[in-house]
Amino acid sequence: MDRIAYVNGSFVPLADAKISILDRGFLFADGIYEVAAVLDGKLVDNASHLARLQRSVGEIALGLPETPARILQIQKELIGRNNLVNGMVYLEVTRGADTGRDFAFPKGVKPTLVMFTSVKDIINAPSAKTGIAVITVPDIRWVRRDIKSVALLAQVLAKQAAAAAGASEAWMIEDGMVTEGGSSSAFILTQDDVLVTRHNSSAILPGCTRKAVVALAEERQLRVEQRPFTVAEALAAKEAFITSATVFVQAVVSIDGKTVANGKPGAMTDRLREIYVDFARATAV
């Protein structure tokens, strides 16, 4: 069965899903995106993703063509039309297509809204049991990383460098400190059992899964510090892991070819993954 996509008010076969070559998302990366996980046919932590979407479009003065409530309806219908059980819903909104290629915002142009689904068994991913390798790369992105922009070239280059090195993720480094992964938030567990992740600012994307994991950890009286950390700290840590909508909680077992702890997912990482999965199942819509 051909997958079904949503394009500006219509559900169409993915092969027929098209937008104009004059769309500003294509020409200028003038757009915002979100990715929400789907577990057992339901959206995980979607309210957090829609809230971040609203914040991001607000930061670039881009109006949503549909209300958040209507977007949720479309997401659910897309899941149903694709018979999606486990995977993701990708959503992108751009400033739309004008008649030419002018940098300034066009007037009287309706934003573009597209969505599609993909299949992924996040729960049973083999890497959840083995952990992943990461490499480090310089953080060459712009200074508004808190906006979930479709301008992802720096992340593409970082992820390609990781793939070429046989790693699954790249941690980006700025002023000697880890900012975040190419598509994830970074955590470590210190030797005295403190969870450390960088504080939200314009230097990183405010990760929805990161936010939930921090809250879930604090609810269980775990010590959490939101501050930058170095690669040296990560290599000296008890555990390291990443979080994102597409992996949930994922152990990091090596950095730049150097082993973290014993080179296996740690007990705290495994426990936080279990806690997050329980949260995801209990709150999915």
# chains A, B, ... in the order shown; residues from 1 in each chain; ligands from 1
call {"tool": "select_by_dssp", "arguments": {"residues": "stretch 95-233 of chain A", "states": "alpha helix (DSSP H)", "output": "number ranges by chain"}}
result
A: 127-130, 153-164, 208-219, 231-233
call {"tool": "residues_around", "arguments": {"residues": "A:Leu22", "least_positions_apart": "4", "cutoff": "8 Å", "atoms": "only C-alpha atoms", "output": "ChimeraX atom specification"}}
result
/A:26-27,97-101
call {"tool": "residues_around", "arguments": {"residues": "stretch 72-78 of chain A", "least_positions_apart": "3", "cutoff": "10 Å", "atoms": "only C-alpha atoms", "output": "NGL selection string"}}
result
:A and (3-6 or 9-11 or 36 or 38 or 41-43 or 46-47 or 50 or 66-69 or 81-84 or 89-91 or 115-117 or 285)
call {"tool": "closest_atom_pairs", "arguments": {"of": "stretch 105-208 of chain A", "to": "stretch 228-244 of chain A", "cutoff": "8 Å", "atoms": "only C-alpha atoms", "output": "CSV"}}
result
residue,atom,partner,partner_atom,distance
A:Gly176,CA,A:Thr230,CA,6.3
A:Met177,CA,A:Thr230,CA,4.7
A:Val178,CA,A:Thr230,CA,5.8
A:Thr179,CA,A:Pro228,CA,7.2
A:Gly181,CA,A:Ile242,CA,7.7
A:Ser183,CA,A:Ser244,CA,7.2
A:Ser184,CA,A:Ser244,CA,5.0
A:Ser185,CA,A:Thr243,CA,5.2
A:Ala186,CA,A:Ile242,CA,4.7
A:Phe187,CA,A:Phe241,CA,5.3
A:Ile188,CA,A:Ala240,CA,4.2
A:Leu189,CA,A:Glu239,CA,5.0
A:Thr190,CA,A:Ala237,CA,4.7
A:Gln191,CA,A:Lys238,CA,5.3
A:Asp193,CA,A:Lys238,CA,7.9
A:Val196,CA,A:Phe229,CA,7.5
A:Thr197,CA,A:Pro228,CA,6.7
A:Arg198,CA,A:Pro228,CA,4.6
A:His199,CA,A:Pro228,CA,7.1
A:Gly207,CA,A:Ser244,CA,6.9
A:Cys208,CA,A:Ser244,CA,7.4
call {"tool": "residues_around", "arguments": {"residues": "A:Ser127", "least_positions_apart": "4", "cutoff": "9 Å", "atoms": "only C-alpha atoms", "output": "number ranges by chain"}}
result
A: 131-132, 250-251
call {"tool": "residues_around", "arguments": {"residues": "A:Ala128", "least_positions_apart": "6", "cutoff": "9 Å", "atoms": "only C-alpha atoms", "output": "list in words"}}
result
Ile122, Val247, Val249, Gln250, Ala251, Pro265, Asp270 and Arg273 of chain A
call {"tool": "residues_around", "arguments": {"residues": "A:Glu59", "least_positions_apart": "5", "cutoff": "12 Å", "atoms": "only C-alpha atoms", "output": "list in words"}}
result
Asp30, Gly31, Ile32, Arg52, Leu53, Gln54, Arg144, Arg145, Asp146, Ile147, Lys148, Ser149 and Ser202 of chain A
call {"tool": "write_last_selection", "arguments": {"atoms": "N, CA and C atoms", "output": "compact mmCIF listing (two decimals), in the first residue's frame"}}
result
# COMPACT_ATOMS: atom_id res chain seq x y z
N ASP A 30 13.07 28.49 4.83
CA ASP A 30 12.23 29.39 5.61
C ASP A 30 11.05 28.60 6.14
N GLY A 31 11.32 27.78 7.14
CA GLY A 31 10.27 26.93 7.67
C GLY A 31 10.67 26.25 8.96
N ILE A 32 9.70 25.63 9.58
CA ILE A 32 9.84 24.97 10.87
C ILE A 32 9.33 23.54 10.74
N ARG A 52 6.12 23.49 21.05
CA ARG A 52 7.40 23.94 20.50
C ARG A 52 7.22 24.46 19.07
N LEU A 53 6.34 23.81 18.31
CA LEU A 53 6.04 24.29 16.96
C LEU A 53 5.52 25.72 17.01
N GLN A 54 4.57 25.97 17.91
CA GLN A 54 4.01 27.32 18.02
C GLN A 54 5.08 28.33 18.42
N ARG A 144 20.69 30.72 16.67
CA ARG A 144 19.33 30.51 17.15
C ARG A 144 18.94 29.05 17.02
N ARG A 145 19.65 28.21 17.73
CA ARG A 145 19.40 26.77 17.65
C ARG A 145 18.14 26.36 18.40
N ASP A 146 17.60 27.28 19.19
CA ASP A 146 16.36 27.01 19.91
C ASP A 146 15.16 27.00 18.98
N ILE A 147 15.32 27.49 17.76
CA ILE A 147 14.26 27.47 16.75
C ILE A 147 14.43 26.20 15.93
N LYS A 148 13.37 25.40 15.82
CA LYS A 148 13.48 24.12 15.12
C LYS A 148 13.32 24.34 13.62
N SER A 149 14.33 24.96 13.06
CA SER A 149 14.34 25.34 11.65
C SER A 149 14.64 24.15 10.75
N SER A 202 19.58 29.69 23.68
CA SER A 202 19.63 29.75 22.22
C SER A 202 20.72 28.84 21.65
call {"tool": "closest_residue", "arguments": {"among": "A:Glu169, A:Glu92, A:Asp16, A:Asp2", "to": "A:Ala29", "atoms": "only C-alpha atoms"}}
result
A:Glu92
call {"tool": "closest_atom_pairs", "arguments": {"of": "stretch 237-263 of chain A", "to": "stretch 152-165 of chain A", "cutoff": "12 Å", "atoms": "only C-alpha atoms", "output": "CSV"}}
result
residue,atom,partner,partner_atom,distance
A:Ile255,CA,A:Ala162,CA,10.7
A:Asp256,CA,A:Ala165,CA,9.0
A:Gly257,CA,A:Ala165,CA,9.3
call {"tool": "write_last_selection", "arguments": {"atoms": "C-alpha atoms", "output": "PDB file, in the first residue's frame"}}
result
ATOM      1  CA  ILE A 255      33.003   8.824  22.207  1.00  0.00           C
ATOM      2  CA  ASP A 256      35.584   9.384  19.470  1.00  0.00           C
ATOM      3  CA  GLY A 257      36.568   5.721  19.754  1.00  0.00           C
TER       4      GLY A 257
END
call {"tool": "atom_distance", "arguments": {"atom1": "atom CA of A:Glu274", "atom2": "atom CA of A:Phe248"}}
result
9.7 Å
call {"tool": "select_by_dssp", "arguments": {"residues": "stretch 59-217 of chain A", "states": "strand (DSSP E)", "output": "ChimeraX atom specification"}}
result
/A:87-94,112-119,132-138,169-174,177-181,185-189,194-197
call {"tool": "atom_distance", "arguments": {"atom1": "atom CA of A:Thr130", "atom2": "atom CA of A:Thr246"}}
result
16.6 Å
call {"tool": "atom_distance", "arguments": {"atom1": "atom CA of A:Asp175", "atom2": "atom CA of A:Arg227"}}
result
13.6 Å
call {"tool": "closest_residue", "arguments": {"among": "A:Thr112, A:Gln221, A:Ser254, A:Ser48", "to": "A:Ser168", "atoms": "only C-alpha atoms"}}
result
A:Ser254
call {"tool": "decode", "arguments": {"residues": "stretch 19-53 of chain A", "atoms": "N, CA, C and O atoms", "output": "PDB file, in the first residue's frame"}}
result
ATOM      1  N   ILE A  19       5.011  20.146  -3.832  1.00  0.00           N
ATOM      2  CA  ILE A  19       4.873  21.571  -3.572  1.00  0.00           C
ATOM      3  C   ILE A  19       5.630  22.324  -4.652  1.00  0.00           C
ATOM      4  O   ILE A  19       6.427  21.750  -5.395  1.00  0.00           O
ATOM      5  N   SER A  20       5.401  23.617  -4.738  1.00  0.00           N
ATOM      6  CA  SER A  20       6.031  24.448  -5.766  1.00  0.00           C
ATOM      7  C   SER A  20       7.536  24.557  -5.552  1.00  0.00           C
ATOM      8  O   SER A  20       8.016  24.602  -4.415  1.00  0.00           O
ATOM      9  N   ILE A  21       8.279  24.656  -6.660  1.00  0.00           N
ATOM     10  CA  ILE A  21       9.724  24.908  -6.535  1.00  0.00           C
ATOM     11  C   ILE A  21       9.995  26.325  -6.039  1.00  0.00           C
ATOM     12  O   ILE A  21      11.129  26.641  -5.659  1.00  0.00           O
ATOM     13  N   LEU A  22       8.972  27.167  -6.006  1.00  0.00           N
ATOM     14  CA  LEU A  22       9.114  28.513  -5.460  1.00  0.00           C
ATOM     15  C   LEU A  22       8.772  28.572  -3.978  1.00  0.00           C
ATOM     16  O   LEU A  22       8.793  29.647  -3.375  1.00  0.00           O
ATOM     17  N   ASP A  23       8.493  27.418  -3.367  1.00  0.00           N
ATOM     18  CA  ASP A  23       8.213  27.398  -1.941  1.00  0.00           C
ATOM     19  C   ASP A  23       9.442  27.866  -1.172  1.00  0.00           C
ATOM     20  O   ASP A  23      10.575  27.435  -1.446  1.00  0.00           O
ATOM     21  N   ARG A  24       9.237  28.741  -0.200  1.00  0.00           N
ATOM     22  CA  ARG A  24      10.361  29.336   0.529  1.00  0.00           C
ATOM     23  C   ARG A  24      11.080  28.335   1.430  1.00  0.00           C
ATOM     24  O   ARG A  24      12.237  28.537   1.795  1.00  0.00           O
ATOM     25  N   GLY A  25      10.403  27.219   1.774  1.00  0.00           N
ATOM     26  CA  GLY A  25      11.119  26.173   2.488  1.00  0.00           C
ATOM     27  C   GLY A  25      12.206  25.569   1.628  1.00  0.00           C
ATOM     28  O   GLY A  25      13.304  25.262   2.107  1.00  0.00           O
ATOM     29  N   PHE A  26      11.922  25.412   0.326  1.00  0.00           N
ATOM     30  CA  PHE A  26      12.883  24.874  -0.620  1.00  0.00           C
ATOM     31  C   PHE A  26      13.960  25.896  -0.965  1.00  0.00           C
ATOM     32  O   PHE A  26      15.149  25.566  -1.039  1.00  0.00           O
ATOM     33  N   LEU A  27      13.566  27.157  -1.164  1.00  0.00           N
ATOM     34  CA  LEU A  27      14.513  28.178  -1.608  1.00  0.00           C
ATOM     35  C   LEU A  27      15.377  28.745  -0.484  1.00  0.00           C
ATOM     36  O   LEU A  27      16.556  29.033  -0.690  1.00  0.00           O
ATOM     37  N   PHE A  28      14.782  28.926   0.706  1.00  0.00           N
ATOM     38  CA  PHE A  28      15.486  29.630   1.784  1.00  0.00           C
ATOM     39  C   PHE A  28      15.566  28.842   3.097  1.00  0.00           C
ATOM     40  O   PHE A  28      16.090  29.378   4.077  1.00  0.00           O
ATOM     41  N   ALA A  29      15.047  27.633   3.147  1.00  0.00           N
ATOM     42  CA  ALA A  29      14.878  26.924   4.423  1.00  0.00           C
ATOM     43  C   ALA A  29      14.074  27.781   5.386  1.00  0.00           C
ATOM     44  O   ALA A  29      14.320  27.801   6.590  1.00  0.00           O
ATOM     45  N   ASP A  30      13.073  28.485   4.834  1.00  0.00           N
ATOM     46  CA  ASP A  30      12.234  29.390   5.606  1.00  0.00           C
ATOM     47  C   ASP A  30      11.045  28.601   6.136  1.00  0.00           C
ATOM     48  O   ASP A  30       9.924  28.705   5.640  1.00  0.00           O
ATOM     49  N   GLY A  31      11.324  27.777   7.141  1.00  0.00           N
ATOM     50  CA  GLY A  31      10.266  26.931   7.666  1.00  0.00           C
ATOM     51  C   GLY A  31      10.667  26.252   8.959  1.00  0.00           C
ATOM     52  O   GLY A  31      11.826  26.305   9.388  1.00  0.00           O
ATOM     53  N   ILE A  32       9.700  25.627   9.575  1.00  0.00           N
ATOM     54  CA  ILE A  32       9.843  24.969  10.871  1.00  0.00           C
ATOM     55  C   ILE A  32       9.329  23.536  10.745  1.00  0.00           C
ATOM     56  O   ILE A  32       8.400  23.269   9.977  1.00  0.00           O
ATOM     57  N   TYR A  33       9.907  22.609  11.509  1.00  0.00           N
ATOM     58  CA  TYR A  33       9.423  21.230  11.460  1.00  0.00           C
ATOM     59  C   TYR A  33       9.318  20.644  12.852  1.00  0.00           C
ATOM     60  O   TYR A  33       9.880  21.169  13.824  1.00  0.00           O
ATOM     61  N   GLU A  34       8.597  19.552  12.949  1.00  0.00           N
ATOM     62  CA  GLU A  34       8.501  18.759  14.173  1.00  0.00           C
ATOM     63  C   GLU A  34       8.418  17.287  13.791  1.00  0.00           C
ATOM     64  O   GLU A  34       7.926  16.936  12.716  1.00  0.00           O
ATOM     65  N   VAL A  35       8.881  16.434  14.678  1.00  0.00           N
ATOM     66  CA  VAL A  35       8.763  14.989  14.517  1.00  0.00           C
ATOM     67  C   VAL A  35       8.222  14.416  15.815  1.00  0.00           C
ATOM     68  O   VAL A  35       8.831  14.585  16.874  1.00  0.00           O
ATOM     69  N   ALA A  36       7.068  13.775  15.728  1.00  0.00           N
ATOM     70  CA  ALA A  36       6.465  13.147  16.914  1.00  0.00           C
ATOM     71  C   ALA A  36       6.479  11.638  16.743  1.00  0.00           C
ATOM     72  O   ALA A  36       6.169  11.118  15.670  1.00  0.00           O
ATOM     73  N   ALA A  37       6.861  10.934  17.804  1.00  0.00           N
ATOM     74  CA  ALA A  37       6.863   9.473  17.764  1.00  0.00           C
ATOM     75  C   ALA A  37       5.440   8.935  17.832  1.00  0.00           C
ATOM     76  O   ALA A  37       4.535   9.566  18.401  1.00  0.00           O
ATOM     77  N   VAL A  38       5.251   7.761  17.249  1.00  0.00           N
ATOM     78  CA  VAL A  38       3.982   7.044  17.321  1.00  0.00           C
ATOM     79  C   VAL A  38       4.251   5.688  17.960  1.00  0.00           C
ATOM     80  O   VAL A  38       5.129   4.940  17.511  1.00  0.00           O
ATOM     81  N   LEU A  39       3.521   5.400  19.011  1.00  0.00           N
ATOM     82  CA  LEU A  39       3.677   4.153  19.752  1.00  0.00           C
ATOM     83  C   LEU A  39       2.303   3.518  19.905  1.00  0.00           C
ATOM     84  O   LEU A  39       1.371   4.158  20.406  1.00  0.00           O
ATOM     85  N   ASP A  40       2.168   2.299  19.428  1.00  0.00           N
ATOM     86  CA  ASP A  40       0.881   1.594  19.482  1.00  0.00           C
ATOM     87  C   ASP A  40      -0.233   2.404  18.818  1.00  0.00           C
ATOM     88  O   ASP A  40      -1.384   2.432  19.273  1.00  0.00           O
ATOM     89  N   GLY A  41       0.118   3.092  17.725  1.00  0.00           N
ATOM     90  CA  GLY A  41      -0.863   3.855  16.962  1.00  0.00           C
ATOM     91  C   GLY A  41      -1.227   5.199  17.558  1.00  0.00           C
ATOM     92  O   GLY A  41      -2.145   5.864  17.058  1.00  0.00           O
ATOM     93  N   LYS A  42      -0.500   5.640  18.604  1.00  0.00           N
ATOM     94  CA  LYS A  42      -0.814   6.909  19.260  1.00  0.00           C
ATOM     95  C   LYS A  42       0.411   7.824  19.287  1.00  0.00           C
ATOM     96  O   LYS A  42       1.547   7.355  19.307  1.00  0.00           O
ATOM     97  N   LEU A  43       0.152   9.133  19.324  1.00  0.00           N
ATOM     98  CA  LEU A  43       1.212  10.134  19.336  1.00  0.00           C
ATOM     99  C   LEU A  43       1.798  10.288  20.734  1.00  0.00           C
ATOM    100  O   LEU A  43       1.072  10.414  21.712  1.00  0.00           O
ATOM    101  N   VAL A  44       3.126  10.314  20.805  1.00  0.00           N
ATOM    102  CA  VAL A  44       3.841  10.407  22.077  1.00  0.00           C
ATOM    103  C   VAL A  44       4.195  11.867  22.379  1.00  0.00           C
ATOM    104  O   VAL A  44       4.819  12.543  21.558  1.00  0.00           O
ATOM    105  N   ASP A  45       3.783  12.337  23.551  1.00  0.00           N
ATOM    106  CA  ASP A  45       4.163  13.671  24.040  1.00  0.00           C
ATOM    107  C   ASP A  45       3.884  14.757  22.997  1.00  0.00           C
ATOM    108  O   ASP A  45       4.641  15.723  22.860  1.00  0.00           O
ATOM    109  N   ASN A  46       2.787  14.609  22.272  1.00  0.00           N
ATOM    110  CA  ASN A  46       2.541  15.479  21.125  1.00  0.00           C
ATOM    111  C   ASN A  46       2.220  16.914  21.525  1.00  0.00           C
ATOM    112  O   ASN A  46       2.530  17.847  20.790  1.00  0.00           O
ATOM    113  N   ALA A  47       1.611  17.102  22.688  1.00  0.00           N
ATOM    114  CA  ALA A  47       1.313  18.462  23.139  1.00  0.00           C
ATOM    115  C   ALA A  47       2.597  19.276  23.272  1.00  0.00           C
ATOM    116  O   ALA A  47       2.631  20.471  22.939  1.00  0.00           O
ATOM    117  N   SER A  48       3.659  18.632  23.737  1.00  0.00           N
ATOM    118  CA  SER A  48       4.953  19.308  23.868  1.00  0.00           C
ATOM    119  C   SER A  48       5.502  19.686  22.493  1.00  0.00           C
ATOM    120  O   SER A  48       6.046  20.780  22.297  1.00  0.00           O
ATOM    121  N   HIS A  49       5.338  18.800  21.516  1.00  0.00           N
ATOM    122  CA  HIS A  49       5.819  19.092  20.166  1.00  0.00           C
ATOM    123  C   HIS A  49       5.023  20.230  19.527  1.00  0.00           C
ATOM    124  O   HIS A  49       5.594  21.107  18.868  1.00  0.00           O
ATOM    125  N   LEU A  50       3.711  20.229  19.737  1.00  0.00           N
ATOM    126  CA  LEU A  50       2.899  21.303  19.153  1.00  0.00           C
ATOM    127  C   LEU A  50       3.185  22.638  19.843  1.00  0.00           C
ATOM    128  O   LEU A  50       3.158  23.689  19.190  1.00  0.00           O
ATOM    129  N   ALA A  51       3.469  22.609  21.142  1.00  0.00           N
ATOM    130  CA  ALA A  51       3.838  23.842  21.839  1.00  0.00           C
ATOM    131  C   ALA A  51       5.158  24.385  21.304  1.00  0.00           C
ATOM    132  O   ALA A  51       5.312  25.602  21.102  1.00  0.00           O
ATOM    133  N   ARG A  52       6.116  23.488  21.054  1.00  0.00           N
ATOM    134  CA  ARG A  52       7.395  23.937  20.496  1.00  0.00           C
ATOM    135  C   ARG A  52       7.223  24.458  19.071  1.00  0.00           C
ATOM    136  O   ARG A  52       7.865  25.429  18.665  1.00  0.00           O
ATOM    137  N   LEU A  53       6.338  23.807  18.310  1.00  0.00           N
ATOM    138  CA  LEU A  53       6.036  24.287  16.958  1.00  0.00           C
ATOM    139  C   LEU A  53       5.516  25.716  17.014  1.00  0.00           C
ATOM    140  O   LEU A  53       5.970  26.586  16.245  1.00  0.00           O
TER     141      LEU A  53
END
